[in-house]
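Novice: Next up is a structure, given as structure tokens.
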Amino acid sequence: MKKALVIILALAVVGGFFGYRMYNKPHKDMTAAESDLKVSAEDLLSSFENDEANANEKYNDKVVEVSGTVADVSKDEDGNTKVTLDAGDPLGGVICQLDNLSDHKRLEFPLGEKVAFKGLCTGYLMDVVLVRCVEVQ
Amino acid sequence: MKKTVIITLAMIFSTGMIFGQRYFTKAGKVSFLSDASVEKIEATTNTGTCVLDASSGKIEFAVLIKSFQFEKALMQEHFNENYMESSKFPKGVFKGQIRDWSKIDLSKDGTYKGTATGSLTIHGETKEVEVPVNFKVKNGTPSAEAAFSVALADYKIEIPAVVADNIAKNVSIDVSVDLQPLSK
């Protein structure tokens with residue numbers, strides 16, 4: 001009887017510990033994350049333009065490494081930096097929002113420079129949007 | 001000579017009519033707050049898109065559900081996988097019209113109270129909504145803010161009984177956009 005109580009208590013402590021660990025599970029470490037897919041900004045945008053449902057399936061939630069030339073850089077009042085990569089389309093591109101939880105080597109990106117970012121693909125509005133991006137050297 | 005001036009002016013005005021009519025942003029901010037008895041849950045995205053047609057007052061807003069960032073990774077996971085099913089329903093979209101649009105003059109600095117009426121689609125469900133919107137024009141640049149509340153049940157977002165005390169039945173949503181003239 002006493003033994004059963006001890007076992008139950010031990011299980012509760014272990015369960016509580018793992019529950020707590022789960023609850024406080026950290027966000028994915030984007031600097032260390034391996035890219036699931038590599039693609040150029042042009043190809044990424046055109047796959048969303050051609051078949052959005054299919055592209056959502058293929059890219060969303062994946063760590064996508066995207067390369068292209070810097071078309072625009074913007075900072076908002078919350079301190080987020082966004083780099084838009086040219087995808088050969090005047091209306092849309094690939095927006096890479098830099099990760100707030102990672103350290104970045106730089107936050108300035110000259111227009112026209114060739115760069116690559118890896119980030120989590122979230123889908124397509126006017127542009128393909130990647131969040132939590134870090135630069136790939 | 002006079003004719004050339006008139007033609008040039010006419011061209012400037014006509015292009016202004018065509019291209020100066022629309023305002024947009026790709027950096028719309030949306031945050032929501034679920035204030036339940038057990039805990040508060042907040043999330044934000046800064047990648048919403050908004051297009052406003054300045055001649056008609058038609059407005060469209062869209063946001064990617066997966067772009068919302070939470071403080072806790074586990075909550076973000078549950079939000080996407082269990083509640084919003086964001087792989088099936090990747091976007092939240094509002095399409096509507098600002099009521100009495102003629103009373104709002106985007107060419108004049110000032111603040112204007114307005115109301116947007118239209119359809120809000122979340123989690124694949126579309127509902128007619130009415131949302132108060134405050135416009136502000138500063139140095140000729142308009143911005144807009146809206147705060148409203150959404151009942152999860154209206155959009156068939158089901159919360160399991162186990163976490164019923166952790167998640168509010170009504171979630172308050174804040175939207176803020178700085179608009180720019182669409183020149184392309």
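By order in the structure tokens, chains are A, B, ...; within a chain, residues start at 1; ligands start at 1, following the order shown.
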Using only C-alpha atoms, which chain B residues lie at most 6 Å away from chain A, written as a VMD selection string?

Specialist: chain B and resid 66 to 67 73

Novice: Residues of chain B in alpha helix (DSSP H) according to DSSP, as a ChimeraX atom specification?

Specialist: /B:2-19,73-78

Novice: Can you tell me which residues surround stretch 160-166 of chain B at a distance of at most 6 Å, considering only C-alpha atoms, apart from same-chain residues fewer than 5 positions away, and format the answer as a PyMOL selection string?

Specialist: chain B and resi 36+38-39

Novice: When you look at stretch 107-118 of chain A with a cut-off of 12 Å (counting only C-alpha atoms), what residues show up, excluding the ones that are within fewer than 4 positions of it in the same chain? I need them as an MDAnalysis selection string.

Specialist: chainID A and resid 29:41 61:75 79:86 94:100 102:103 129:137

Novice: Work out how far apart atom CA of B:Arg22 and atom CA of B:Pro181 are and give it in Å to one decimal.

Specialist: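 Interatomic distance here is 5.9 Å.
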
Novice: Could you pull out all residues of chain A with a DSSP call of strand (DSSP E) and give them as an NGL selection string?

Specialist: :A and (37-40 or 63-75 or 81-86 or 93-98 or 114-124 or 128-135)

Novice: Out of B:Glu60, B:Asp109, B:Asp53, B:Glu42, which residue has the shortest atom-to-atom distance to B:Lys95 when counting only C-alpha atoms?

Specialist: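 Checking each of B:Glu60, B:Asp109, B:Asp53, B:Glu42 against B:Lys95, counting only C-alpha atoms, the winner is B:Glu60.
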
Novice: How far is it from atom CA of B:Ser172 to atom CA of B:Val150, in Å with one decimal?

Specialist: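 Distance between the two atoms: 6.3 Å.
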